[in-house]
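Novice: Sharing final_37.txt, compact mmCIF, C-alpha atoms and all ligand atoms:
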```
# COMPACT_ATOMS: atom_id res chain seq x y z
CA MET A 1 0.00 0.00 0.00
CA SER A 2 1.31 3.44 -0.77
CA THR A 3 0.20 7.01 -0.34
CA GLY A 4 0.62 10.08 -2.52
CA ASP A 5 3.82 11.88 -1.62
CA ALA A 6 6.96 9.92 -0.89
CA GLY A 7 6.76 8.76 2.69
CA THR A 8 3.96 11.15 3.66
CA LYS A 9 0.57 9.79 4.53
CA LEU A 10 -1.95 12.31 3.30
CA VAL A 11 -4.88 10.32 4.61
CA LYS A 12 -5.35 8.53 7.88
CA LEU A 13 -7.61 5.70 8.80
CA THR A 14 -10.22 6.41 11.42
CA GLU A 15 -13.58 5.06 12.61
CA ILE A 16 -16.72 7.13 12.08
CA GLN A 17 -19.90 6.13 13.83
CA GLY A 18 -22.45 4.71 11.39
CA ARG A 19 -19.89 4.60 8.56
CA GLY A 20 -17.27 2.16 9.84
CA ARG A 21 -13.64 2.77 8.93
CA ALA A 22 -12.99 5.87 6.87
CA LEU A 23 -10.11 7.86 5.42
CA VAL A 24 -9.71 11.50 6.44
CA ALA A 25 -7.27 14.14 5.24
CA SER A 26 -4.32 14.26 7.63
CA GLN A 27 -3.36 17.70 6.29
CA SER A 28 -5.01 20.23 4.03
CA LEU A 29 -5.02 19.08 0.43
CA THR A 30 -4.81 21.07 -2.79
CA ALA A 31 -7.21 20.43 -5.68
CA GLY A 32 -5.83 17.68 -7.89
CA GLN A 33 -3.36 16.40 -5.30
CA VAL A 34 -2.62 12.68 -5.42
CA LEU A 35 -3.53 11.38 -2.00
CA LEU A 36 -3.15 7.68 -2.62
CA ARG A 37 -1.42 5.26 -4.98
CA ASP A 38 -2.47 1.73 -4.21
CA SER A 39 -1.40 -1.65 -5.57
CA PRO A 40 -3.78 -4.60 -5.57
CA LEU A 41 -3.83 -7.46 -3.10
CA LEU A 42 -5.16 -9.58 -5.91
CA LEU A 43 -6.31 -9.17 -9.47
CA TYR A 44 -8.47 -11.33 -11.68
CA SER A 45 -9.76 -11.24 -15.20
CA ALA A 46 -13.16 -9.78 -16.01
CA LEU A 47 -13.37 -11.85 -19.19
CA PRO A 48 -15.42 -15.04 -19.40
CA LEU A 49 -13.48 -18.30 -19.19
CA LEU A 50 -13.60 -18.91 -22.92
CA HIS A 51 -13.32 -15.54 -24.55
CA HIS A 52 -12.82 -14.94 -28.21
CA HIS A 53 -11.34 -11.50 -28.12
CA SER A 54 -9.29 -10.06 -30.90
CA HIS A 55 -6.64 -8.96 -28.44
CA HIS A 56 -5.07 -10.42 -25.33
CA TYR A 57 -3.65 -9.18 -22.08
CA CYS A 58 -0.66 -10.16 -20.03
CA SER A 59 -1.97 -12.58 -17.39
CA ASN A 60 0.31 -10.95 -14.84
CA CYS A 61 0.03 -7.18 -15.35
CA PHE A 62 -3.03 -7.02 -17.64
CA ARG A 63 -1.26 -4.87 -20.19
CA THR A 64 -2.45 -5.29 -23.80
CA LEU A 65 -0.13 -7.59 -25.71
CA SER A 66 0.92 -6.20 -29.03
CA SER A 67 0.91 -8.86 -31.75
CA SER A 68 4.20 -7.43 -33.05
CA SER A 69 6.02 -7.80 -29.74
CA SER A 70 8.78 -10.39 -29.79
CA SER A 71 8.98 -10.70 -25.99
CA ILE A 72 5.58 -12.39 -25.47
CA VAL A 73 5.81 -15.76 -23.77
CA SER A 74 3.17 -18.26 -22.70
CA CYS A 75 2.65 -20.62 -19.80
CA SER A 76 4.15 -23.99 -20.75
CA SER A 77 1.09 -25.83 -19.33
CA CYS A 78 -1.91 -23.87 -20.57
CA SER A 79 -0.15 -22.14 -23.52
CA SER A 80 -2.31 -19.54 -25.24
CA HIS A 81 -4.71 -19.27 -22.29
CA ALA A 82 -2.03 -17.47 -20.28
CA LEU A 83 0.23 -15.11 -22.21
CA PHE A 84 2.74 -12.71 -20.65
CA CYS A 85 4.45 -9.50 -21.81
CA ASN A 86 7.90 -10.90 -21.22
CA PRO A 87 9.76 -13.64 -19.31
CA SER A 88 9.89 -11.61 -16.09
CA CYS A 89 6.09 -11.22 -15.97
CA LEU A 90 5.87 -14.98 -16.58
CA SER A 91 8.30 -15.91 -13.84
CA LEU A 92 6.71 -13.50 -11.35
CA SER A 93 3.31 -14.92 -12.12
CA LEU A 94 4.35 -18.59 -11.88
CA SER A 95 5.27 -18.01 -8.25
CA SER A 96 2.20 -15.92 -7.48
CA SER A 97 -1.02 -15.34 -9.43
CA HIS A 98 -0.46 -18.15 -11.98
CA SER A 99 0.72 -20.88 -9.64
CA SER A 100 0.39 -24.46 -10.83
CA TRP A 101 -2.88 -24.84 -8.87
CA VAL A 102 -4.36 -21.72 -10.51
CA CYS A 103 -3.20 -22.90 -13.93
CA GLN A 104 -4.73 -26.38 -13.49
CA SER A 105 -7.93 -25.01 -11.96
CA LEU A 106 -8.57 -22.51 -14.75
CA SER A 107 -7.86 -25.23 -17.33
CA ARG A 108 -10.36 -27.54 -15.66
CA LEU A 109 -12.99 -24.78 -15.51
CA ARG A 110 -12.65 -24.25 -19.26
CA ASN A 111 -13.69 -27.85 -19.92
CA PRO A 112 -16.70 -30.05 -19.17
CA PRO A 113 -18.11 -30.92 -16.73
CA PHE A 114 -17.10 -27.65 -15.02
CA LEU A 115 -17.75 -25.39 -17.96
CA THR A 116 -21.16 -26.95 -18.52
CA ARG A 117 -22.18 -25.85 -15.01
CA LEU A 118 -21.03 -22.30 -15.68
CA GLU A 119 -22.12 -22.00 -19.29
CA ASN A 120 -23.81 -18.70 -20.18
CA ARG A 121 -23.33 -17.49 -16.61
CA HIS A 122 -20.80 -14.74 -17.09
CA GLU A 123 -21.04 -13.38 -13.57
CA LEU A 124 -20.44 -16.80 -12.00
CA GLN A 125 -17.45 -17.37 -14.27
CA ILE A 126 -15.90 -14.12 -13.02
CA GLN A 127 -16.68 -15.00 -9.41
CA ALA A 128 -15.11 -18.44 -9.89
CA GLN A 129 -11.94 -16.75 -11.17
CA PHE A 130 -11.97 -14.45 -8.13
CA LEU A 131 -12.30 -17.41 -5.75
CA ILE A 132 -9.40 -19.21 -7.41
CA SER A 133 -7.25 -16.06 -6.99
CA ALA A 134 -8.34 -15.67 -3.39
CA TYR A 135 -7.76 -19.30 -2.31
CA ASN A 136 -4.39 -19.08 -4.09
CA LEU A 137 -3.55 -15.91 -2.14
CA ALA A 138 -4.19 -17.79 1.11
CA VAL A 139 -1.24 -20.02 0.22
CA ILE A 140 1.18 -17.69 -1.55
CA ASN A 141 0.71 -14.65 0.70
CA PRO A 142 -1.13 -15.42 3.97
CA SER A 143 -0.63 -11.90 5.35
CA ASN A 144 -2.29 -10.32 2.30
CA PHE A 145 -5.05 -12.91 2.59
CA GLN A 146 -5.52 -11.83 6.19
CA ILE A 147 -5.85 -8.21 5.00
CA LEU A 148 -8.45 -9.34 2.46
CA LEU A 149 -10.40 -11.03 5.25
CA SER A 150 -10.25 -7.87 7.36
CA LEU A 151 -12.05 -5.78 4.73
CA GLN A 152 -15.71 -4.90 4.98
CA GLY A 153 -18.21 -7.53 3.82
CA GLN A 154 -20.09 -10.31 5.58
CA PRO A 155 -21.83 -13.34 4.04
CA THR A 156 -25.16 -11.63 4.78
CA ASP A 157 -24.16 -8.87 2.31
CA LEU A 158 -24.49 -11.44 -0.48
CA GLY A 159 -28.26 -11.29 -0.41
CA SER A 160 -30.41 -14.32 -0.95
CA ASP A 161 -28.65 -16.03 -3.85
CA SER A 162 -27.68 -19.18 -1.97
CA ASP A 163 -27.81 -21.32 -5.15
CA SER A 164 -24.93 -19.43 -6.72
CA LEU A 165 -22.94 -19.64 -3.48
CA SER A 166 -23.47 -23.43 -3.24
CA LEU A 167 -22.52 -23.92 -6.87
CA LEU A 168 -19.38 -21.80 -6.60
CA HIS A 169 -18.31 -23.44 -3.38
CA SER A 170 -18.79 -26.96 -4.73
CA LEU A 171 -16.68 -26.02 -7.77
CA ILE A 172 -13.92 -24.69 -5.55
CA GLU A 173 -14.01 -27.77 -3.32
CA SER A 174 -13.72 -30.08 -6.28
CA LEU A 175 -10.67 -28.14 -7.48
CA SER A 176 -8.98 -29.11 -4.17
CA PRO A 177 -7.30 -25.85 -3.15
CA PRO A 178 -3.84 -26.34 -1.70
CA GLN A 179 -3.61 -26.47 2.09
CA SER A 180 -3.46 -23.15 3.88
CA ASN A 181 -3.96 -22.02 7.48
CA PHE A 182 -7.42 -20.83 6.53
CA GLY A 183 -8.90 -24.10 5.25
CA VAL A 184 -11.72 -24.36 2.71
CA SER A 185 -15.29 -23.94 3.87
CA LEU A 186 -18.64 -22.65 2.72
CA GLN A 187 -18.37 -19.83 5.30
CA LEU A 188 -14.97 -18.78 3.96
CA THR A 189 -16.18 -18.86 0.35
CA ALA A 190 -19.21 -16.75 1.33
CA ALA A 191 -17.03 -14.26 3.23
CA LEU A 192 -14.63 -13.96 0.28
CA LEU A 193 -17.46 -13.32 -2.18
CA ALA A 194 -18.81 -10.62 0.14
CA LYS A 195 -15.39 -8.91 0.34
CA ASP A 196 -15.22 -8.99 -3.43
CA LYS A 197 -18.73 -7.59 -3.87
CA ILE A 198 -18.09 -4.62 -1.60
CA ASN A 199 -14.46 -3.81 -2.35
CA ALA A 200 -13.52 -4.75 -5.92
CA PHE A 201 -12.54 -1.95 -8.30
CA GLY A 202 -12.89 -2.48 -12.05
CA LEU A 203 -9.86 -1.63 -14.17
CA MET A 204 -11.37 -0.23 -17.33
CA GLU A 205 -10.45 -0.77 -20.95
CA PRO A 206 -9.09 2.48 -22.35
CA LEU A 207 -11.84 4.31 -24.23
CA ASN A 208 -11.93 3.45 -27.91
CA SER A 209 -14.51 3.86 -30.62
CA LYS A 210 -17.08 1.92 -28.56
CA ALA A 211 -19.48 4.17 -26.71
CA GLU A 212 -19.16 2.18 -23.49
CA ARG A 213 -16.06 1.16 -21.67
CA SER A 214 -15.83 -2.36 -20.35
CA VAL A 215 -13.93 -3.74 -17.40
CA ARG A 216 -10.72 -5.61 -18.19
CA ALA A 217 -9.88 -6.87 -14.73
CA TYR A 218 -10.97 -6.48 -11.14
CA GLY A 219 -8.64 -5.71 -8.28
CA ILE A 220 -8.94 -5.48 -4.52
CA TYR A 221 -6.87 -2.66 -3.07
CA PRO A 222 -5.95 -2.67 0.61
CA MET A 223 -6.09 1.07 1.30
CA ALA A 224 -8.59 2.24 -1.33
CA SER A 225 -11.09 -0.21 0.19
CA PHE A 226 -11.46 2.20 3.12
CA PHE A 227 -12.98 5.05 1.12
CA ASN A 228 -16.62 5.51 1.99
CA HIS A 229 -19.18 6.70 -0.54
CA ASP A 230 -20.66 10.13 -1.09
CA CYS A 231 -23.01 11.06 -3.94
CA LEU A 232 -21.02 14.30 -4.28
CA PRO A 233 -17.52 12.94 -3.76
CA ASN A 234 -14.49 15.08 -2.99
CA ALA A 235 -12.07 12.66 -4.68
CA CYS A 236 -12.05 10.23 -7.57
CA ARG A 237 -9.83 7.42 -8.65
CA PHE A 238 -7.90 7.01 -11.86
CA ASP A 239 -6.34 4.00 -13.47
CA TYR A 240 -3.96 4.18 -16.38
CA VAL A 241 -4.22 0.74 -17.93
CA ASP A 242 -1.95 0.51 -21.00
CA ALA A 243 -0.63 4.06 -20.51
CA LEU A 244 2.92 4.42 -21.75
CA ASP A 245 3.55 8.11 -21.54
CA ARG A 246 3.13 8.88 -17.87
CA ASP A 247 5.09 8.91 -14.70
CA TYR A 248 3.29 5.74 -13.90
CA PRO A 249 5.13 2.60 -12.94
CA GLY A 250 2.41 -0.01 -12.63
CA ASN A 251 -0.34 -0.96 -15.03
CA VAL A 252 -2.74 -1.91 -12.28
CA GLU A 253 -2.17 0.71 -9.59
CA ILE A 254 -5.02 3.03 -8.82
CA ILE A 255 -4.46 6.68 -8.06
CA VAL A 256 -6.85 8.82 -6.02
CA ARG A 257 -6.89 12.60 -6.43
CA VAL A 258 -8.96 15.27 -4.70
CA LEU A 259 -11.39 17.23 -6.86
CA HIS A 260 -11.00 20.51 -4.97
CA ASP A 261 -9.19 21.86 -1.92
CA VAL A 262 -9.97 19.83 1.19
CA GLU A 263 -9.25 20.92 4.73
CA GLN A 264 -7.44 18.77 7.27
CA GLY A 265 -9.72 16.34 9.11
CA ARG A 266 -12.35 16.07 6.35
CA GLU A 267 -13.42 12.62 5.30
CA ILE A 268 -12.36 11.74 1.75
CA CYS A 269 -15.11 9.98 -0.18
CA LEU A 270 -15.44 8.48 -3.64
CA SER A 271 -18.65 7.85 -5.51
CA TYR A 272 -19.13 4.11 -5.96
CA PHE A 273 -20.80 4.69 -9.36
CA PRO A 274 -21.23 7.48 -11.93
CA VAL A 275 -22.51 10.61 -10.20
CA ASN A 276 -25.32 11.18 -12.69
CA LEU A 277 -27.51 8.35 -11.35
CA LYS A 278 -30.83 9.52 -10.01
CA TYR A 279 -31.73 9.43 -6.32
CA SER A 280 -33.86 6.27 -6.35
CA GLU A 281 -31.24 4.31 -8.31
CA ARG A 282 -28.43 5.45 -6.06
CA GLN A 283 -30.35 4.51 -2.94
CA LYS A 284 -31.22 1.09 -4.36
CA ARG A 285 -27.66 0.29 -5.40
CA LEU A 286 -26.19 1.43 -2.11
CA LEU A 287 -28.67 -0.64 -0.14
CA ASP A 288 -28.60 -3.76 -2.35
CA ASP A 289 -24.87 -3.83 -3.07
CA TYR A 290 -23.31 -2.09 -0.07
CA GLY A 291 -25.90 -2.53 2.67
CA PHE A 292 -26.41 1.06 3.79
CA VAL A 293 -28.87 3.91 3.40
CA CYS A 294 -27.10 6.98 2.06
CA ALA A 295 -27.82 10.16 3.99
CA CYS A 296 -25.33 12.44 2.26
CA ASP A 297 -26.17 16.11 1.68
CA ARG A 298 -27.21 15.46 -1.91
CA CYS A 299 -29.53 12.60 -0.92
CA LYS A 300 -31.09 14.76 1.80
CA VAL A 301 -31.99 17.35 -0.83
CA GLU A 302 -33.12 14.89 -3.48
CA SER A 303 -35.23 12.88 -1.07
CA ASN A 304 -37.60 15.88 -1.16
CA TRP A 305 -37.83 15.89 -4.93
CA SER A 306 -41.00 14.69 -6.58
CA ASP A 307 -40.89 11.52 -8.70
CA GLU A 308 -41.04 13.72 -11.81
CA GLU A 309 -38.00 15.73 -10.75
CA ASP A 310 -36.12 12.51 -10.03
CA GLU A 311 -37.20 11.08 -13.39
CA VAL A 312 -35.73 14.04 -15.28
CA MET A 313 -32.31 12.70 -14.24
CA ASP A 314 -33.08 9.58 -16.20
CA GLU A 315 -34.45 11.07 -19.41
CA ASP A 316 -32.73 11.53 -22.75
CA ASP A 317 -30.87 8.72 -24.51
CA GLY A 318 -32.88 6.29 -22.41
CA GLY A 319 -29.96 6.37 -19.98
CA ASP A 320 -29.17 7.66 -16.53
CA SER A 321 -28.37 11.08 -17.69
CA LEU A 322 -28.65 14.62 -16.60
CA ASP A 323 -29.91 15.95 -19.89
CA ASP A 324 -28.89 19.26 -21.44
CA ASP A 325 -32.28 20.93 -21.05
CA TYR A 326 -32.23 20.01 -17.41
CA ASP A 327 -28.83 21.65 -16.98
CA ASP A 328 -30.10 24.81 -18.59
CA ASP A 329 -33.30 24.94 -16.58
CA LEU A 330 -31.55 24.56 -13.29
CA MET A 331 -28.30 26.33 -13.70
CA VAL A 332 -28.74 29.57 -15.52
CA GLY A 333 -30.24 32.44 -13.61
CA SER A 334 -33.94 31.84 -13.86
CA GLY A 335 -35.04 34.57 -11.48
CA ASN A 336 -36.19 31.90 -9.07
CA GLU A 337 -36.61 33.23 -5.57
CA ASN A 338 -34.95 30.13 -4.14
CA GLU A 339 -31.63 30.99 -5.68
CA ASN A 340 -28.76 31.25 -3.26
CA ASP A 341 -25.83 33.65 -3.44
CA ASN A 342 -24.15 31.60 -6.12
CA GLY A 343 -27.18 31.90 -8.39
CA VAL A 344 -27.97 28.21 -7.81
CA GLU A 345 -31.51 27.17 -7.15
CA GLY A 346 -32.26 26.09 -3.60
CA ASP A 347 -33.61 22.70 -4.64
CA PHE A 348 -30.58 21.86 -6.73
CA PRO A 349 -27.70 23.35 -4.78
CA HIS A 350 -25.23 20.85 -6.19
CA ALA A 351 -25.70 22.11 -9.74
CA TYR A 352 -22.18 23.51 -9.79
CA PHE A 353 -20.78 20.09 -9.02
CA PHE A 354 -22.21 18.77 -12.26
CA LEU A 355 -20.92 21.70 -14.26
CA LYS A 356 -17.43 21.60 -12.87
CA PHE A 357 -16.80 17.93 -12.11
CA MET A 358 -18.90 15.85 -14.47
CA CYS A 359 -17.50 15.01 -17.89
CA GLN A 360 -19.80 16.39 -20.56
CA ARG A 361 -18.69 13.91 -23.24
CA GLU A 362 -21.60 11.91 -24.57
CA ASN A 363 -22.25 8.74 -22.54
CA CYS A 364 -19.16 9.21 -20.43
CA TRP A 365 -20.43 10.35 -17.00
CA GLY A 366 -16.90 10.31 -15.66
CA THR A 367 -15.67 12.63 -12.93
CA LEU A 368 -13.23 15.45 -13.65
CA ALA A 369 -10.34 16.22 -11.31
CA PRO A 370 -7.61 18.81 -11.84
CA LEU A 371 -4.23 17.46 -12.89
CA PRO A 372 -1.85 17.33 -9.90
CA PRO A 373 -0.79 20.78 -8.69
CA SER A 374 2.65 22.06 -9.56
CA GLU A 375 4.54 23.64 -6.64
CA GLY A 376 1.29 24.00 -4.73
CA VAL A 377 -0.54 25.78 -7.57
CA THR A 378 -3.75 24.14 -8.75
CA SER A 379 -3.80 23.10 -12.39
CA THR A 380 -6.48 24.60 -14.62
CA ILE A 381 -6.60 21.38 -16.66
CA MET A 382 -9.27 18.89 -15.64
CA GLU A 383 -8.88 15.19 -16.44
CA CYS A 384 -11.80 12.78 -16.78
CA ASN A 385 -11.31 9.55 -14.83
CA VAL A 386 -13.37 7.57 -17.35
CA CYS A 387 -12.59 8.80 -20.88
CA GLY A 388 -9.27 10.48 -20.05
CA ASN A 389 -10.35 13.67 -21.78
CA LEU A 390 -8.43 16.79 -20.72
CA LYS A 391 -10.23 20.12 -20.71
CA LYS A 392 -9.59 23.61 -19.53
CA GLY A 393 -11.41 23.86 -16.24
CA ASP A 394 -11.33 27.51 -15.38
CA GLU A 395 -14.53 28.57 -17.09
CA ILE A 396 -16.38 27.97 -13.84
CA ASP A 397 -15.58 29.88 -10.70
CA GLY A 398 -13.83 27.41 -8.38
CA ASP A 399 -14.70 29.35 -5.21
CA ALA A 400 -18.38 29.29 -6.07
CA VAL A 401 -18.10 25.53 -6.59
CA ALA A 402 -16.35 24.91 -3.30
CA GLY A 403 -18.74 27.20 -1.50
CA SER A 404 -21.86 25.57 -2.87
CA PHE A 405 -23.95 23.32 -0.70
CA GLY A 406 -22.56 19.95 0.25
CA MET A 407 -18.99 20.64 -0.72
CA ASP A 408 -16.15 20.82 1.68
CA ASN A 409 -13.42 23.24 0.92
C1 LIG A 501 -15.56 -0.16 0.57
S1 LIG A 501 -16.15 -0.21 2.18
C2 LIG A 501 -15.62 1.31 2.87
C3 LIG A 501 -14.91 1.14 4.20
C4 LIG A 501 -15.76 0.63 5.31
N1 LIG A 501 -16.44 1.75 5.99
C5 LIG A 501 -14.99 -0.18 6.32
O1 LIG A 501 -15.22 -0.05 7.53
O2 LIG A 501 -14.15 -0.99 5.90
C6 LIG A 501 -17.86 0.02 1.85
C7 LIG A 501 -18.72 -0.09 3.08
O3 LIG A 501 -18.57 1.05 3.91
C8 LIG A 501 -19.82 1.47 4.44
N2 LIG A 501 -20.14 2.79 3.87
C9 LIG A 501 -19.59 3.36 2.76
N3 LIG A 501 -20.08 4.60 2.56
C10 LIG A 501 -20.97 4.82 3.53
C11 LIG A 501 -21.83 5.93 3.86
N4 LIG A 501 -21.86 7.00 3.08
N5 LIG A 501 -22.64 5.81 4.94
C12 LIG A 501 -22.62 4.68 5.71
N6 LIG A 501 -21.83 3.61 5.45
C13 LIG A 501 -21.01 3.68 4.38
C14 LIG A 501 -20.83 0.43 4.01
O4 LIG A 501 -20.89 -0.56 5.01
C15 LIG A 501 -20.19 -0.15 2.75
O5 LIG A 501 -20.62 -1.46 2.48
```
Would you mind writing the structure in this file as structure tokens?
Ligand SMILES: C[S@@+](CC[C@H](N)C(=O)[O-])C[C@H]1O[C@@H](n2cnc3c(N)ncnc32)[C@H](O)[C@@H]1O
Specialist:
Amino acid sequence: MSTGDAGTKLVKLTEIQGRGRALVASQSLTAGQVLLRDSPLLLYSALPLLHHHSHHYCSNCFRTLSSSSSSIVSCSSCSSHALFCNPSCLSLSLSSSHSSWVCQSLSRLRNPPFLTRLENRHELQIQAQFLISAYNLAVINPSNFQILLSLQGQPTDLGSDSDSLSLLHSLIESLSPPQSNFGVSLQLTAALLAKDKINAFGLMEPLNSKAERSVRAYGIYPMASFFNHDCLPNACRFDYVDALDRDYPGNVEIIVRVLHDVEQGREICLSYFPVNLKYSERQKRLLDDYGFVCACDRCKVESNWSDEEDEVMDEDDGGDSLDDDYDDDLMVGSGNENENDNGVEGDFPHAYFFLKFMCQRENCWGTLAPLPPSEGVTSTIMECNVCGNLKKGDEIDGDAVAGSFGMDN
């Protein structure tokens, strides 16, 4: 686990009543500042077991393999199912994520009778790959496995799908995981799946011509797992999968940056999904997937909205979008008596957040954060954490944004 500046912890772990463990700023932070760089405890593929993709990734670092590269090597046992950028990725992986048990287990899952049980069940195939990585971690790195077990998530968080749990556990048992101090049990499998459900981050495919980005791999990050959720977050996370041109050593690290200045002692929160989702959807996802009722400032305001107002968030393109007309109606001075000092209507005080921090590219819905400050001076360039777009961010008054309702400055 690593934090932003060399040797300096910019966030500290604390306990907040009703929210569990949380990360708070241990000093004041400047907009765009990197407060955390985190490497995964474990990583696993988001692709189905038998995928027919035109391109492949390194099974160790998940970098795209270029067909013209002469350094690509494969696992001698499962050959083209596990390719690696170069011999060092291969040798690292053979003693860690692609141990002989993982290799044999994935090979068995790709064939009957295992595959038959998982056929057309994409989600179960991904969960099976997670469980193989997790039971492998228990053997190759017991202390990291212990950290995984200490993360939030109890079997009860899995909901009522006991059939999937039984199926996945019986698959794992029949793959005979190697002996570890933790054993193999239905309770452990259920606990692991709950940790995964609550804490996994998706590493996205870089945006290409497709309108939607897909997930390439999932990772569980020891420190980033402590960020709580807010529907108007003050930080967002970036990954730079396949990036070549950055000061960025790992392909699978995640980097968290603050959106605006944050004072010492403030909790740092991410949004667990795109910020444009409407109130009812956010509440449902947070309750179903994360087991809590969100009472953030934005939810308090939107809980008073009528169904029609909430629905407007979901109109246009048939998606979960804040449509352009809606922006105009609510943001430009309309002479409404509920306007506050910033010219923002009283029933939509977070309008500035959307203008300043939501990517306006079609179907993107990413969050914009300033590039890291240089010598303490905030950058005027905003970077989208989904599409990577860079845009000049000074058209909107930053003080008005920070001063608007629900934002900590
Ligand atoms: C990724 S973990 C975050 C760290 C967690 N608080 C812990 O103690 O490890 C997600 C869990 O934190 C809790 N949580 C996150 N955001 C919250 C919020 N805004 N209000 C209450 N609980 C929250 C929920 O239990 C959720 O399932």
Novice: Find the residues near range 128-130 of chain A: any atom within 8 Å, counting all atoms listed in the file, skip ones fewer than 6 places away on the same chain, and give them as number ranges by chain.
Specialist: A: 43-45, 106, 168, 172, 196
Novice: Between CA of Ile198 in chain A and CA of Leu131 in chain A, what is the distance in Å, rounded to a tenth?
Specialist: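 These atoms are spaced 14.6 Å apart.
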Novice: With a distance cut-off of 9 Å and all atoms listed in the file, select the neighbouring residues of Cys299 in chain A, excluding the residue or stretch itself and same-chain residues fewer than 6 positions from it, and output the selection as a list in words.
Specialist: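 Non-adjacent residues within range: Cys231, Tyr279, Arg282 and Gln283 of chain A.
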Novice: Skipping near chain neighbours, those fewer than 4 positions away, what residues fall within 9 Å of Leu13 in chain A using all atoms listed in the file, listed as a list in words?
Specialist: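 The filter keeps Arg21, Ala22, Leu23, Val24, Met223 and Phe226 of chain A.
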Novice: Quick one: residues within 7 Å of ligand LIG 501 (chain A), with all atoms listed in the file, as a list in words?
Specialist: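 Counting only what the definition allows, namely all atoms listed in the file, the set is Gly18, Arg19, Gly20, Arg21, Ala22, Leu151, Gln152, Gly153, Ile198, Asn199, Ser225, Phe226, Phe227, Asn228, His229, Asp230, Tyr290, Gly291, Phe292, Val293, Cys294, Ala295 and Cys296 of chain A.
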Novice: Rounded to one decimal, what separation in Å do you get between CA of Ala82 in chain A and CA of Ser66 in chain A?
Specialist: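 Calculated distance between CA of Ala82 in chain A and CA of Ser66 in chain A is 14.6 Å.
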Novice: List every residue of range 185-270 of chain A that has an atom at most 12 Å from any atom of range 142-150 of chain A, and for each one report the closest atom pair and its distance in Å to one decimal, counting only C-alpha atoms, with rows sorted by chain and then by increasing residue number, as JSON lines.
Specialist:
```
{"residue": "A:Gln187", "atom": "CA", "partner": "A:Leu149", "partner_atom": "CA", "distance": 11.9}
{"residue": "A:Leu188", "atom": "CA", "partner": "A:Leu149", "partner_atom": "CA", "distance": 9.1}
{"residue": "A:Thr189", "atom": "CA", "partner": "A:Leu149", "partner_atom": "CA", "distance": 10.9}
{"residue": "A:Ala190", "atom": "CA", "partner": "A:Leu149", "partner_atom": "CA", "distance": 11.2}
{"residue": "A:Ala191", "atom": "CA", "partner": "A:Leu149", "partner_atom": "CA", "distance": 7.6}
{"residue": "A:Leu192", "atom": "CA", "partner": "A:Leu149", "partner_atom": "CA", "distance": 7.2}
{"residue": "A:Leu193", "atom": "CA", "partner": "A:Leu149", "partner_atom": "CA", "distance": 10.5}
{"residue": "A:Ala194", "atom": "CA", "partner": "A:Leu149", "partner_atom": "CA", "distance": 9.8}
{"residue": "A:Lys195", "atom": "CA", "partner": "A:Leu148", "partner_atom": "CA", "distance": 7.3}
{"residue": "A:Asp196", "atom": "CA", "partner": "A:Leu148", "partner_atom": "CA", "distance": 9.0}
{"residue": "A:Ile198", "atom": "CA", "partner": "A:Leu148", "partner_atom": "CA", "distance": 11.5}
{"residue": "A:Asn199", "atom": "CA", "partner": "A:Leu148", "partner_atom": "CA", "distance": 9.5}
{"residue": "A:Ala200", "atom": "CA", "partner": "A:Leu148", "partner_atom": "CA", "distance": 10.8}
{"residue": "A:Gly219", "atom": "CA", "partner": "A:Leu148", "partner_atom": "CA", "distance": 11.3}
{"residue": "A:Ile220", "atom": "CA", "partner": "A:Leu148", "partner_atom": "CA", "distance": 8.0}
{"residue": "A:Tyr221", "atom": "CA", "partner": "A:Leu148", "partner_atom": "CA", "distance": 8.8}
{"residue": "A:Pro222", "atom": "CA", "partner": "A:Ile147", "partner_atom": "CA", "distance": 7.1}
{"residue": "A:Met223", "atom": "CA", "partner": "A:Ile147", "partner_atom": "CA", "distance": 10.0}
{"residue": "A:Ser225", "atom": "CA", "partner": "A:Leu148", "partner_atom": "CA", "distance": 9.8}
{"residue": "A:Phe226", "atom": "CA", "partner": "A:Ser150", "partner_atom": "CA", "distance": 11.0}
```
Novice: With distances taken over all atoms listed in the file, which of A:Glu362, A:Asp261, A:Glu383, A:Asp297 is nearest to Ala31 in chain A?
Specialist: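 Closest to Ala31 in chain A, using all atoms listed in the file: A:Asp261.
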Novice: Quick one: residues within 6 Å of Gln33 in chain A, only C-alpha atoms, excluding same-chain residues fewer than 4 positions away - as a PyMOL selection string?
Specialist: chain A and resi 257-258+372
Novice: Just the selected residues (C-alpha atoms), exported as a PDB file, in the frame of the given file, please.
Specialist:
```
ATOM      1  CA  ARG A 257      -6.890  12.600  -6.430  1.00  0.00           C
ATOM      2  CA  VAL A 258      -8.960  15.270  -4.700  1.00  0.00           C
ATOM      3  CA  PRO A 372      -1.850  17.330  -9.900  1.00  0.00           C
TER       4      PRO A 372
END
```
Novice: At what distance in Å, to one decimal, does CA of Ile254 in chain A lie from CA of Thr64 in chain A?
Specialist: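 Distance reported for this atom pair: 17.3 Å.
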Novice: I'd like to know which of A:Asn234, A:Ser28, A:Ser97, A:Ser59 is closest to Asn251 in chain A, using all atoms listed in the file.
Specialist: A:Ser59
